[in-house]
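Novice: Structure supplied as run_2.pdb; contents: PDB, C-alpha atoms.
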```
ATOM      1  CA  GLY G   1     -38.359  -1.293  -6.137
ATOM      2  CA  ILE G   2     -38.746  -4.538  -4.246
ATOM      3  CA  THR G   3     -39.633  -4.756  -0.545
ATOM      4  CA  TYR G   4     -38.532  -7.825   1.391
ATOM      5  CA  ASN G   5     -39.963  -8.344   4.876
ATOM      6  CA  ALA G   6     -37.330 -10.300   6.789
ATOM      7  CA  GLY G   7     -38.613 -12.498   9.584
ATOM      8  CA  GLY G   8     -35.090 -13.815  10.181
ATOM      9  CA  SER G   9     -32.190 -13.320   7.803
ATOM     10  CA  GLY G  10     -32.825 -11.238   4.714
ATOM     11  CA  ILE G  11     -30.823 -11.463   1.486
ATOM     12  CA  THR G  12     -27.583 -13.487   1.472
ATOM     13  CA  LEU G  13     -25.101 -13.187  -1.398
ATOM     14  CA  LEU G  14     -22.402 -15.857  -1.682
ATOM     15  CA  GLN G  15     -20.154 -17.186  -4.453
ATOM     16  CA  VAL G  16     -21.053 -14.248  -6.714
ATOM     17  CA  ARG G  17     -18.534 -12.200  -8.701
ATOM     18  CA  ASP G  18     -18.438  -8.688 -10.129
ATOM     19  CA  SER G  19     -21.750  -8.585 -11.970
ATOM     20  CA  VAL G  20     -24.240  -8.516  -9.075
ATOM     21  CA  ILE G  21     -25.935  -5.162  -8.485
ATOM     22  CA  LEU G  22     -28.605  -4.930  -5.816
ATOM     23  CA  ARG G  23     -30.559  -1.759  -6.627
ATOM     24  CA  GLY G  24     -33.695  -0.201  -5.194
ATOM     25  CA  VAL G  25     -34.393  -3.030  -2.742
ATOM     26  CA  THR G  26     -35.902  -2.436   0.717
ATOM     27  CA  VAL G  27     -35.282  -5.012   3.447
ATOM     28  CA  LYS G  28     -37.126  -4.472   6.724
ATOM     29  CA  THR G  29     -39.006  -6.097   9.581
ATOM     30  CA  ALA G  30     -42.394  -5.158  10.941
ATOM     31  CA  ALA G  31     -41.086  -4.808  14.520
ATOM     32  CA  SER G  32     -38.038  -2.602  15.046
ATOM     33  CA  GLY G  33     -34.849  -4.614  15.573
ATOM     34  CA  SER G  34     -36.632  -7.995  15.493
ATOM     35  CA  GLY G  35     -34.974  -9.380  12.359
ATOM     36  CA  GLU G  36     -31.430 -10.522  11.766
ATOM     37  CA  THR G  37     -29.377  -9.144   8.872
ATOM     38  CA  GLY G  38     -30.919  -7.290   5.950
ATOM     39  CA  VAL G  39     -28.206  -7.966   3.346
ATOM     40  CA  ASN G  40     -25.302 -10.319   4.064
ATOM     41  CA  VAL G  41     -22.392 -10.473   1.601
ATOM     42  CA  VAL G  42     -20.571 -13.591   2.768
ATOM     43  CA  SER G  43     -17.218 -15.271   2.112
ATOM     44  CA  GLY G  44     -16.781 -16.143  -1.557
ATOM     45  CA  ALA G  45     -18.663 -13.116  -2.854
ATOM     46  CA  ALA G  46     -16.821 -10.135  -4.362
ATOM     47  CA  GLY G  47     -17.526  -7.161  -6.593
ATOM     48  CA  VAL G  48     -21.080  -6.731  -5.294
ATOM     49  CA  VAL G  49     -22.693  -3.277  -5.586
ATOM     50  CA  ILE G  50     -25.546  -2.270  -3.266
ATOM     51  CA  ASP G  51     -27.053   0.873  -4.791
ATOM     52  CA  GLY G  52     -30.039   2.892  -3.618
ATOM     53  CA  CYS G  53     -31.268   0.264  -1.172
ATOM     54  CA  THR G  54     -32.914   0.555   2.255
ATOM     55  CA  ALA G  55     -32.170  -1.597   5.322
ATOM     56  CA  LEU G  56     -34.671  -0.741   8.037
ATOM     57  CA  SER G  57     -35.544  -1.955  11.539
ATOM     58  CA  LEU G  58     -33.365  -5.056  11.551
ATOM     59  CA  ALA G  59     -30.684  -6.202  13.970
ATOM     60  CA  ALA G  60     -27.936  -5.501  11.408
ATOM     61  CA  GLY G  61     -28.656  -3.576   8.229
ATOM     62  CA  ILE G  62     -25.809  -4.836   6.014
ATOM     63  CA  GLU G  63     -22.940  -7.204   6.876
ATOM     64  CA  LEU G  64     -19.818  -7.512   4.719
ATOM     65  CA  SER G  65     -17.971 -10.792   5.266
ATOM     66  CA  GLY G  66     -16.798 -11.385   1.706
ATOM     67  CA  GLY G  67     -14.613  -9.615  -0.836
ATOM     68  CA  ALA G  68     -14.734  -6.025  -2.062
ATOM     69  CA  THR G  69     -18.274  -4.602  -1.890
ATOM     70  CA  THR G  70     -19.621  -1.125  -2.651
ATOM     71  CA  ILE G  71     -22.553   0.357  -0.734
ATOM     72  CA  LYS G  72     -23.752   3.676  -2.164
ATOM     73  CA  LYS G  73     -26.707   6.045  -2.074
ATOM     74  CA  SER G  74     -28.559   3.805   0.378
ATOM     75  CA  SER G  75     -30.513   4.392   3.591
ATOM     76  CA  ILE G  76     -29.579   2.274   6.607
ATOM     77  CA  THR G  77     -31.780   3.237   9.545
ATOM     78  CA  SER G  78     -33.157   2.110  12.904
ATOM     79  CA  ASN G  79     -31.207  -1.151  13.193
ATOM     80  CA  SER G  80     -30.859  -2.425  16.758
ATOM     81  CA  ARG G  81     -27.241  -3.692  16.625
ATOM     82  CA  VAL G  82     -25.425  -2.010  13.740
ATOM     83  CA  GLY G  83     -26.157  -0.228  10.470
ATOM     84  CA  ILE G  84     -23.200  -1.604   8.474
ATOM     85  CA  GLN G  85     -20.628  -4.103   9.750
ATOM     86  CA  ALA G  86     -17.453  -4.920   7.792
ATOM     87  CA  ASN G  87     -15.603  -7.945   9.133
ATOM     88  CA  SER G  88     -13.786  -9.403   6.134
ATOM     89  CA  ALA G  89      -9.984  -9.571   5.977
ATOM     90  CA  SER G  90     -10.251  -9.585   2.175
ATOM     91  CA  GLY G  91     -12.285  -6.371   2.201
ATOM     92  CA  ASN G  92     -11.265  -3.162   0.421
ATOM     93  CA  HIS G  93     -14.893  -2.100   0.630
ATOM     94  CA  MET G  94     -16.313   1.281  -0.390
ATOM     95  CA  ILE G  95     -19.134   2.899   1.611
ATOM     96  CA  ALA G  96     -20.132   6.186  -0.042
ATOM     97  CA  ASP G  97     -22.969   8.731  -0.103
ATOM     98  CA  ASN G  98     -25.299   6.908   2.294
ATOM     99  CA  LEU G  99     -27.689   8.031   5.039
ATOM    100  CA  ILE G 100     -26.897   5.983   8.150
ATOM    101  CA  SER G 101     -29.280   7.097  10.869
ATOM    102  CA  SER G 102     -30.664   6.030  14.259
ATOM    103  CA  ASN G 103     -28.798   2.735  14.561
ATOM    104  CA  ALA G 104     -27.146   1.400  17.727
ATOM    105  CA  VAL G 105     -23.789   1.777  15.926
ATOM    106  CA  GLY G 106     -23.626   3.417  12.510
ATOM    107  CA  ILE G 107     -20.647   1.635  10.898
ATOM    108  CA  GLU G 108     -18.444  -0.938  12.637
ATOM    109  CA  VAL G 109     -15.218  -2.128  10.989
ATOM    110  CA  THR G 110     -13.730  -5.185  12.696
ATOM    111  CA  ASN G 111     -11.406  -6.463   9.966
ATOM    112  CA  GLY G 112      -9.851  -5.515   6.647
ATOM    113  CA  SER G 113      -9.433  -2.241   4.763
ATOM    114  CA  ILE G 114     -12.242   0.129   3.845
ATOM    115  CA  THR G 115     -12.996   3.584   2.436
ATOM    116  CA  ILE G 116     -15.847   5.521   4.086
ATOM    117  CA  LEU G 117     -16.707   8.596   2.022
ATOM    118  CA  ARG G 118     -19.353  11.373   2.091
ATOM    119  CA  ASN G 119     -21.819   9.609   4.391
ATOM    120  CA  THR G 120     -24.202  11.199   6.883
ATOM    121  CA  ILE G 121     -23.941   9.183  10.094
ATOM    122  CA  GLN G 122     -26.283  10.499  12.754
ATOM    123  CA  GLY G 123     -28.375   9.608  15.773
ATOM    124  CA  SER G 124     -26.446   6.474  16.784
ATOM    125  CA  THR G 125     -27.180   5.217  20.294
ATOM    126  CA  PHE G 126     -23.478   4.499  20.783
ATOM    127  CA  ASP G 127     -20.831   5.201  18.089
ATOM    128  CA  GLY G 128     -21.279   6.747  14.666
ATOM    129  CA  LEU G 129     -18.060   5.086  13.448
ATOM    130  CA  ARG G 130     -16.486   2.246  15.448
ATOM    131  CA  ILE G 131     -13.097   1.074  14.151
ATOM    132  CA  LYS G 132     -11.678  -2.196  15.507
ATOM    133  CA  SER G 133      -9.576  -3.130  12.472
ATOM    134  CA  GLY G 134      -5.829  -2.745  12.057
ATOM    135  CA  GLY G 135      -6.197  -2.433   8.283
ATOM    136  CA  ALA G 136      -6.135   0.796   6.282
ATOM    137  CA  VAL G 137      -9.334   2.692   7.128
ATOM    138  CA  ILE G 138      -9.839   5.855   5.046
ATOM    139  CA  MET G 139     -12.601   8.190   6.276
ATOM    140  CA  LYS G 140     -13.180  11.412   4.331
ATOM    141  CA  VAL G 141     -15.908  14.065   4.027
ATOM    142  CA  ASN G 142     -18.368  12.357   6.365
ATOM    143  CA  ASP G 143     -20.898  14.148   8.570
ATOM    144  CA  LEU G 144     -20.831  12.612  12.068
ATOM    145  CA  ARG G 145     -23.400  14.372  14.201
ATOM    146  CA  SER G 146     -25.835  13.775  17.053
ATOM    147  CA  ASN G 147     -24.390  10.369  17.940
ATOM    148  CA  ASP G 148     -23.397   9.457  21.480
ATOM    149  CA  THR G 149     -19.765   9.327  20.280
ATOM    150  CA  GLY G 150     -18.850  10.393  16.755
ATOM    151  CA  LEU G 151     -15.751   8.240  16.185
ATOM    152  CA  THR G 152     -14.301   5.400  18.299
ATOM    153  CA  PHE G 153     -10.993   3.644  17.597
ATOM    154  CA  ASP G 154     -10.577   0.575  19.809
ATOM    155  CA  ILE G 155      -7.735  -1.526  18.369
ATOM    156  CA  GLY G 156      -4.208  -2.632  19.190
ATOM    157  CA  GLY G 157      -2.636  -0.169  16.777
ATOM    158  CA  ILE G 158      -3.645   2.200  13.993
ATOM    159  CA  GLY G 159      -3.238   0.557  10.593
ATOM    160  CA  THR G 160      -0.815   1.864   7.990
ATOM    161  CA  GLY G 161      -2.637   4.197   5.611
ATOM    162  CA  THR G 162      -5.454   5.018   8.042
ATOM    163  CA  LEU G 163      -6.701   8.560   7.484
ATOM    164  CA  PHE G 164      -9.468  10.713   8.994
ATOM    165  CA  ARG G 165      -9.793  13.994   7.058
ATOM    166  CA  TRP G 166     -12.288  16.665   5.975
ATOM    167  CA  ASN G 167     -15.028  15.274   8.191
ATOM    168  CA  ASN G 168     -17.636  17.266  10.127
ATOM    169  CA  VAL G 169     -17.702  15.912  13.701
ATOM    170  CA  THR G 170     -20.097  17.996  15.790
ATOM    171  CA  GLY G 171     -22.899  17.816  18.307
ATOM    172  CA  ASN G 172     -22.117  14.330  19.570
ATOM    173  CA  THR G 173     -23.408  13.815  23.108
ATOM    174  CA  SER G 174     -20.548  12.208  25.063
ATOM    175  CA  LYS G 175     -17.573  13.088  22.891
ATOM    176  CA  ASN G 176     -16.671  13.706  19.276
ATOM    177  CA  ALA G 177     -13.905  11.088  19.286
ATOM    178  CA  ASP G 178     -12.669   8.350  21.631
ATOM    179  CA  VAL G 179      -9.337   6.872  20.558
ATOM    180  CA  ILE G 180      -8.146   3.837  22.535
ATOM    181  CA  THR G 181      -5.101   2.524  20.704
ATOM    182  CA  THR G 182      -1.417   3.132  20.061
ATOM    183  CA  GLY G 183       0.286   5.056  17.274
ATOM    184  CA  THR G 184      -0.693   8.304  15.587
ATOM    185  CA  LEU G 185      -4.095   8.986  14.066
ATOM    186  CA  ASP G 186      -3.898  11.409  11.132
ATOM    187  CA  ALA G 187      -6.972  13.537  11.825
ATOM    188  CA  GLN G 188      -6.048  16.823  10.160
ATOM    189  CA  TYR G 189      -8.456  19.218   8.429
ATOM    190  CA  ASN G 190     -11.630  18.130  10.215
ATOM    191  CA  TRP G 191     -14.250  20.427  11.719
ATOM    192  CA  TRP G 192     -14.812  19.654  15.413
ATOM    193  CA  GLY G 193     -17.450  22.315  16.038
ATOM    194  CA  SER G 194     -15.173  25.088  17.330
ATOM    195  CA  THR G 195     -12.051  27.100  16.546
ATOM    196  CA  ASP G 196     -11.171  27.058  20.269
ATOM    197  CA  LEU G 197      -8.414  24.472  20.757
ATOM    198  CA  GLY G 198      -9.458  23.915  24.376
ATOM    199  CA  VAL G 199     -13.013  23.093  23.308
ATOM    200  CA  VAL G 200     -11.755  20.733  20.584
ATOM    201  CA  ASN G 201      -9.402  18.968  23.001
ATOM    202  CA  GLY G 202     -12.248  18.615  25.477
ATOM    203  CA  SER G 203     -14.395  16.827  22.898
ATOM    204  CA  ILE G 204     -11.702  14.262  22.050
ATOM    205  CA  LYS G 205     -10.593  11.517  24.433
ATOM    206  CA  SER G 206      -7.424   9.492  23.819
ATOM    207  CA  SER G 207      -5.787   6.851  25.955
ATOM    208  CA  LEU G 208      -2.893   4.372  25.911
ATOM    209  CA  SER G 209      -0.057   5.959  23.922
ATOM    210  CA  THR G 210      -2.126   7.535  21.189
ATOM    211  CA  ALA G 211      -1.262  10.753  19.427
ATOM    212  CA  ILE G 212      -4.030  12.510  17.501
ATOM    213  CA  ASP G 213      -2.660  14.823  14.834
ATOM    214  CA  PHE G 214      -5.361  17.394  14.149
TER     215      PHE G 214
END
```
Before anything else, please render the file you have as structure tokens.
Specialist:
Amino acid sequence: GITYNAGGSGITLLQVRDSVILRGVTVKTAASGSGETGVNVVSGAAGVVIDGCTALSLAAGIELSGGATTIKKSSITSNSRVGIQANSASGNHMIADNLISSNAVGIEVTNGSITILRNTIQGSTFDGLRIKSGGAVIMKVNDLRSNDTGLTFDIGGIGTGTLFRWNNVTGNTSKNADVITTGTLDAQYNWWGSTDLGVVNGSIKSSLSTAIDF
């Protein structure tokens, strides 16, 4: 593969459509957290596939500000601000089968709709998953472990179609989930590390008028 040492910003993709596949590329900086963004898919780009890549020791590993992008089978580690950030209203992104480890925040969704599937998200200084988008956020079969907080929802209301199912949420230091919003979060069929309902309730914090259906 190709290794790109980013002193500032790394690879920026803009005004590209459907046929761009970034495969086997490593973007990193020599000093942990000293760079900017490893891969930035900006407004005007859509249909990009990031496959089998590594984003290491940057400020942000991958940022999604454009149209639908797929990130799969990649390693996003040791980034000082965020592993993956999705902030595009025109999203419908897919993040699947990645190792997202030892970042400040594993994945942060601030806008748009997204599917987060079969990822290992571990060792985050703050949140494994941080959801601040009112779009449809589908999270299935992820392993959220050894973060400070496994899952944080911090939005005005839970988006229609949002789903959190079949995830393993265990061993997170402060809490497994922190839900600060209104509405009902569909969080059925997850493993919270115990069959004791009192223990599960103790690992989940909700505020405002939130109901967590688990």
Novice: Evaluated on this file, the PyMOL selection byres ((chain G and resi 72-85) around 9) picks out some residues - which ones are they, written as number ranges by chain?
Specialist: G: 24, 32-34, 49-65, 70-71, 86-87, 94-110, 119, 124
Novice: I need the residue set behind the PyMOL selection byres ((chain G and resi 149) around 9) for this file; please write it as a PDB file with C-alpha atoms, in the frame of the given file.
Specialist:
```
ATOM      1  CA  SER G 124     -26.446   6.474  16.784  1.00  0.00           C
ATOM      2  CA  THR G 125     -27.180   5.217  20.294  1.00  0.00           C
ATOM      3  CA  PHE G 126     -23.478   4.499  20.783  1.00  0.00           C
ATOM      4  CA  ASP G 127     -20.831   5.201  18.089  1.00  0.00           C
ATOM      5  CA  GLY G 128     -21.279   6.747  14.666  1.00  0.00           C
ATOM      6  CA  LEU G 129     -18.060   5.086  13.448  1.00  0.00           C
ATOM      7  CA  LEU G 144     -20.831  12.612  12.068  1.00  0.00           C
ATOM      8  CA  ARG G 145     -23.400  14.372  14.201  1.00  0.00           C
ATOM      9  CA  SER G 146     -25.835  13.775  17.053  1.00  0.00           C
ATOM     10  CA  ASN G 147     -24.390  10.369  17.940  1.00  0.00           C
ATOM     11  CA  ASP G 148     -23.397   9.457  21.480  1.00  0.00           C
ATOM     12  CA  GLY G 150     -18.850  10.393  16.755  1.00  0.00           C
ATOM     13  CA  LEU G 151     -15.751   8.240  16.185  1.00  0.00           C
ATOM     14  CA  THR G 152     -14.301   5.400  18.299  1.00  0.00           C
ATOM     15  CA  ASN G 172     -22.117  14.330  19.570  1.00  0.00           C
ATOM     16  CA  THR G 173     -23.408  13.815  23.108  1.00  0.00           C
ATOM     17  CA  SER G 174     -20.548  12.208  25.063  1.00  0.00           C
ATOM     18  CA  LYS G 175     -17.573  13.088  22.891  1.00  0.00           C
ATOM     19  CA  ASN G 176     -16.671  13.706  19.276  1.00  0.00           C
ATOM     20  CA  ALA G 177     -13.905  11.088  19.286  1.00  0.00           C
ATOM     21  CA  ASP G 178     -12.669   8.350  21.631  1.00  0.00           C
TER      22      ASP G 178
END
```
Novice: Please provide as a ChimeraX atom specification all residues within 10 Å of stretch 179-195 of chain G, with the sequence filter that same-chain residues fewer than 3 positions apart are discarded (counting all atoms listed in the file).
Specialist: /G:130-132,139-144,151-172,176,198-201,203-214
Novice: Work out how far apart atom CA of G:Ser133 and atom CA of G:Ile11 are and give it in Å to one decimal.
Specialist: 25.3 Å
Novice: Which residues fall under the PyMOL selection byres ((chain G and resi 112) around 7) in this file, as a ChimeraX atom specification?
Specialist: /G:87-92,111,113-114,133,135
Novice: Keeping only C-alpha atoms, write the selected residues as an mmCIF file, keeping the file's coordinate frame.
Specialist:
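out12.cif written:
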```
data_model
loop_
_atom_site.group_PDB
_atom_site.id
_atom_site.type_symbol
_atom_site.label_atom_id
_atom_site.label_comp_id
_atom_site.auth_asym_id
_atom_site.auth_seq_id
_atom_site.Cartn_x
_atom_site.Cartn_y
_atom_site.Cartn_z
ATOM 1 C CA ASN G 87 -15.603 -7.945 9.133
ATOM 2 C CA SER G 88 -13.786 -9.403 6.134
ATOM 3 C CA ALA G 89 -9.984 -9.571 5.977
ATOM 4 C CA SER G 90 -10.251 -9.585 2.175
ATOM 5 C CA GLY G 91 -12.285 -6.371 2.201
ATOM 6 C CA ASN G 92 -11.265 -3.162 0.421
ATOM 7 C CA ASN G 111 -11.406 -6.463 9.966
ATOM 8 C CA SER G 113 -9.433 -2.241 4.763
ATOM 9 C CA ILE G 114 -12.242 0.129 3.845
ATOM 10 C CA SER G 133 -9.576 -3.130 12.472
ATOM 11 C CA GLY G 135 -6.197 -2.433 8.283
#
```
Novice: Residues around (-30.3, -6.2, 1.1), cut-off 6 Å, counting all atoms listed in the file - what are they as a list in words?
Specialist: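 The residues that fall inside the cut-off are Ile11, Val27, Gly38 and Val39 of chain G.
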Novice: Would you compute the distance between atom CA of G:Val41 and atom CA of G:Ala68? Give it in Å to one decimal.
Specialist: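 For atom CA of G:Val41 relative to atom CA of G:Ala68, the distance reads 9.6 Å.
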Novice: Atom CA of G:Thr12 to atom CA of G:Ala45: how many Å, to one decimal?
Specialist: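 Distance between the two atoms: 9.9 Å.
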Novice: Could you work out an axis-aligned bounding box for all listed atoms of stretch 77-89 of chain G, with 5 Å added on each of the six sides, and give its centre and edge lengths in Å to one decimal, as lines of an AutoDock Vina configuration file?
Specialist:
```
center_x = -21.6
center_y = -3.2
center_z = 11.4
size_x = 33.2
size_y = 22.8
size_z = 20.8
```
Novice: From the structure block, carefully write stretch 162-197 of chain G out with N, CA and C atoms; format it as a PDB file, in the first residue's frame.
Specialist:
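Below is the file selection26.pdb, written as the result:
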```pdb
ATOM      1  N   THR G 162     -34.026   5.746  13.935  1.00  0.00           N
ATOM      2  CA  THR G 162     -32.817   5.462  14.724  1.00  0.00           C
ATOM      3  C   THR G 162     -32.979   4.155  15.485  1.00  0.00           C
ATOM      4  N   LEU G 163     -31.941   3.334  15.458  1.00  0.00           N
ATOM      5  CA  LEU G 163     -32.014   1.980  16.003  1.00  0.00           C
ATOM      6  C   LEU G 163     -30.666   1.599  16.592  1.00  0.00           C
ATOM      7  N   PHE G 164     -30.684   0.993  17.789  1.00  0.00           N
ATOM      8  CA  PHE G 164     -29.456   0.524  18.435  1.00  0.00           C
ATOM      9  C   PHE G 164     -29.712  -0.904  18.889  1.00  0.00           C
ATOM     10  N   ARG G 165     -29.256  -1.891  18.092  1.00  0.00           N
ATOM     11  CA  ARG G 165     -29.592  -3.296  18.366  1.00  0.00           C
ATOM     12  C   ARG G 165     -28.408  -4.231  18.134  1.00  0.00           C
ATOM     13  N   TRP G 166     -28.418  -5.324  18.932  1.00  0.00           N
ATOM     14  CA  TRP G 166     -27.469  -6.433  18.788  1.00  0.00           C
ATOM     15  C   TRP G 166     -26.018  -5.967  18.964  1.00  0.00           C
ATOM     16  N   ASN G 167     -25.836  -4.972  19.791  1.00  0.00           N
ATOM     17  CA  ASN G 167     -24.499  -4.478  20.096  1.00  0.00           C
ATOM     18  C   ASN G 167     -24.009  -5.049  21.422  1.00  0.00           C
ATOM     19  N   ASN G 168     -22.704  -5.165  21.569  1.00  0.00           N
ATOM     20  CA  ASN G 168     -22.063  -5.567  22.817  1.00  0.00           C
ATOM     21  C   ASN G 168     -21.506  -4.304  23.467  1.00  0.00           C
ATOM     22  N   VAL G 169     -22.090  -3.903  24.606  1.00  0.00           N
ATOM     23  CA  VAL G 169     -21.698  -2.656  25.268  1.00  0.00           C
ATOM     24  C   VAL G 169     -21.255  -3.013  26.688  1.00  0.00           C
ATOM     25  N   THR G 170     -19.974  -3.210  26.875  1.00  0.00           N
ATOM     26  CA  THR G 170     -19.479  -3.722  28.162  1.00  0.00           C
ATOM     27  C   THR G 170     -18.141  -3.095  28.531  1.00  0.00           C
ATOM     28  N   GLY G 171     -17.890  -3.045  29.834  1.00  0.00           N
ATOM     29  CA  GLY G 171     -16.575  -2.673  30.328  1.00  0.00           C
ATOM     30  C   GLY G 171     -16.194  -1.234  30.072  1.00  0.00           C
ATOM     31  N   ASN G 172     -17.190  -0.369  29.887  1.00  0.00           N
ATOM     32  CA  ASN G 172     -16.897   1.051  29.701  1.00  0.00           C
ATOM     33  C   ASN G 172     -16.784   1.724  31.071  1.00  0.00           C
ATOM     34  N   THR G 173     -15.834   2.625  31.240  1.00  0.00           N
ATOM     35  CA  THR G 173     -15.413   3.071  32.559  1.00  0.00           C
ATOM     36  C   THR G 173     -16.481   3.858  33.308  1.00  0.00           C
ATOM     37  N   SER G 174     -17.007   4.924  32.718  1.00  0.00           N
ATOM     38  CA  SER G 174     -17.987   5.761  33.411  1.00  0.00           C
ATOM     39  C   SER G 174     -19.391   5.198  33.310  1.00  0.00           C
ATOM     40  N   LYS G 175     -19.808   4.864  32.099  1.00  0.00           N
ATOM     41  CA  LYS G 175     -21.129   4.297  31.885  1.00  0.00           C
ATOM     42  C   LYS G 175     -21.171   3.652  30.510  1.00  0.00           C
ATOM     43  N   ASN G 176     -22.081   2.721  30.339  1.00  0.00           N
ATOM     44  CA  ASN G 176     -22.241   2.103  29.019  1.00  0.00           C
ATOM     45  C   ASN G 176     -22.971   3.024  28.055  1.00  0.00           C
ATOM     46  N   ALA G 177     -23.943   3.789  28.550  1.00  0.00           N
ATOM     47  CA  ALA G 177     -24.682   4.703  27.683  1.00  0.00           C
ATOM     48  C   ALA G 177     -25.085   5.939  28.465  1.00  0.00           C
ATOM     49  N   ASP G 178     -25.072   7.089  27.788  1.00  0.00           N
ATOM     50  CA  ASP G 178     -25.496   8.364  28.355  1.00  0.00           C
ATOM     51  C   ASP G 178     -26.410   9.011  27.317  1.00  0.00           C
ATOM     52  N   VAL G 179     -27.698   9.064  27.606  1.00  0.00           N
ATOM     53  CA  VAL G 179     -28.675   9.518  26.621  1.00  0.00           C
ATOM     54  C   VAL G 179     -29.306  10.815  27.112  1.00  0.00           C
ATOM     55  N   ILE G 180     -28.959  11.918  26.440  1.00  0.00           N
ATOM     56  CA  ILE G 180     -29.427  13.251  26.829  1.00  0.00           C
ATOM     57  C   ILE G 180     -30.256  13.785  25.665  1.00  0.00           C
ATOM     58  N   THR G 181     -31.522  13.465  25.634  1.00  0.00           N
ATOM     59  CA  THR G 181     -32.370  13.855  24.522  1.00  0.00           C
ATOM     60  C   THR G 181     -33.822  13.609  24.904  1.00  0.00           C
ATOM     61  N   THR G 182     -34.714  13.768  23.959  1.00  0.00           N
ATOM     62  CA  THR G 182     -36.122  13.461  24.179  1.00  0.00           C
ATOM     63  C   THR G 182     -36.554  12.375  23.205  1.00  0.00           C
ATOM     64  N   GLY G 183     -37.653  11.710  23.515  1.00  0.00           N
ATOM     65  CA  GLY G 183     -38.148  10.640  22.658  1.00  0.00           C
ATOM     66  C   GLY G 183     -37.801   9.280  23.228  1.00  0.00           C
ATOM     67  N   THR G 184     -37.903   8.271  22.393  1.00  0.00           N
ATOM     68  CA  THR G 184     -37.620   6.892  22.804  1.00  0.00           C
ATOM     69  C   THR G 184     -36.514   6.314  21.944  1.00  0.00           C
ATOM     70  N   LEU G 185     -35.478   5.816  22.590  1.00  0.00           N
ATOM     71  CA  LEU G 185     -34.384   5.147  21.889  1.00  0.00           C
ATOM     72  C   LEU G 185     -34.673   3.656  21.865  1.00  0.00           C
ATOM     73  N   ASP G 186     -34.792   3.087  20.677  1.00  0.00           N
ATOM     74  CA  ASP G 186     -34.978   1.642  20.517  1.00  0.00           C
ATOM     75  C   ASP G 186     -33.623   0.974  20.705  1.00  0.00           C
ATOM     76  N   ALA G 187     -33.432   0.397  21.886  1.00  0.00           N
ATOM     77  CA  ALA G 187     -32.146  -0.227  22.232  1.00  0.00           C
ATOM     78  C   ALA G 187     -32.376  -1.654  22.710  1.00  0.00           C
ATOM     79  N   GLN G 188     -33.224  -2.389  22.007  1.00  0.00           N
ATOM     80  CA  GLN G 188     -33.511  -3.768  22.374  1.00  0.00           C
ATOM     81  C   GLN G 188     -32.421  -4.705  21.855  1.00  0.00           C
ATOM     82  N   TYR G 189     -32.305  -5.847  22.544  1.00  0.00           N
ATOM     83  CA  TYR G 189     -31.469  -6.975  22.094  1.00  0.00           C
ATOM     84  C   TYR G 189     -29.973  -6.655  22.096  1.00  0.00           C
ATOM     85  N   ASN G 190     -29.551  -5.787  22.994  1.00  0.00           N
ATOM     86  CA  ASN G 190     -28.121  -5.544  23.185  1.00  0.00           C
ATOM     87  C   ASN G 190     -27.637  -6.293  24.419  1.00  0.00           C
ATOM     88  N   TRP G 191     -26.331  -6.504  24.491  1.00  0.00           N
ATOM     89  CA  TRP G 191     -25.726  -7.108  25.680  1.00  0.00           C
ATOM     90  C   TRP G 191     -25.012  -6.005  26.444  1.00  0.00           C
ATOM     91  N   TRP G 192     -25.450  -5.779  27.701  1.00  0.00           N
ATOM     92  CA  TRP G 192     -24.931  -4.700  28.532  1.00  0.00           C
ATOM     93  C   TRP G 192     -23.993  -5.227  29.624  1.00  0.00           C
ATOM     94  N   GLY G 193     -23.576  -6.468  29.514  1.00  0.00           N
ATOM     95  CA  GLY G 193     -22.596  -7.011  30.440  1.00  0.00           C
ATOM     96  C   GLY G 193     -23.175  -7.743  31.627  1.00  0.00           C
ATOM     97  N   SER G 194     -24.512  -7.830  31.735  1.00  0.00           N
ATOM     98  CA  SER G 194     -25.125  -8.498  32.875  1.00  0.00           C
ATOM     99  C   SER G 194     -26.569  -8.859  32.541  1.00  0.00           C
ATOM    100  N   THR G 195     -27.065  -9.906  33.196  1.00  0.00           N
ATOM    101  CA  THR G 195     -28.489 -10.243  33.111  1.00  0.00           C
ATOM    102  C   THR G 195     -29.267  -9.610  34.254  1.00  0.00           C
ATOM    103  N   ASP G 196     -28.580  -8.936  35.166  1.00  0.00           N
ATOM    104  CA  ASP G 196     -29.207  -8.278  36.313  1.00  0.00           C
ATOM    105  C   ASP G 196     -29.715  -6.902  35.880  1.00  0.00           C
ATOM    106  N   LEU G 197     -31.037  -6.716  35.891  1.00  0.00           N
ATOM    107  CA  LEU G 197     -31.624  -5.473  35.410  1.00  0.00           C
ATOM    108  C   LEU G 197     -31.123  -4.266  36.201  1.00  0.00           C
TER     109      LEU G 197
END
```
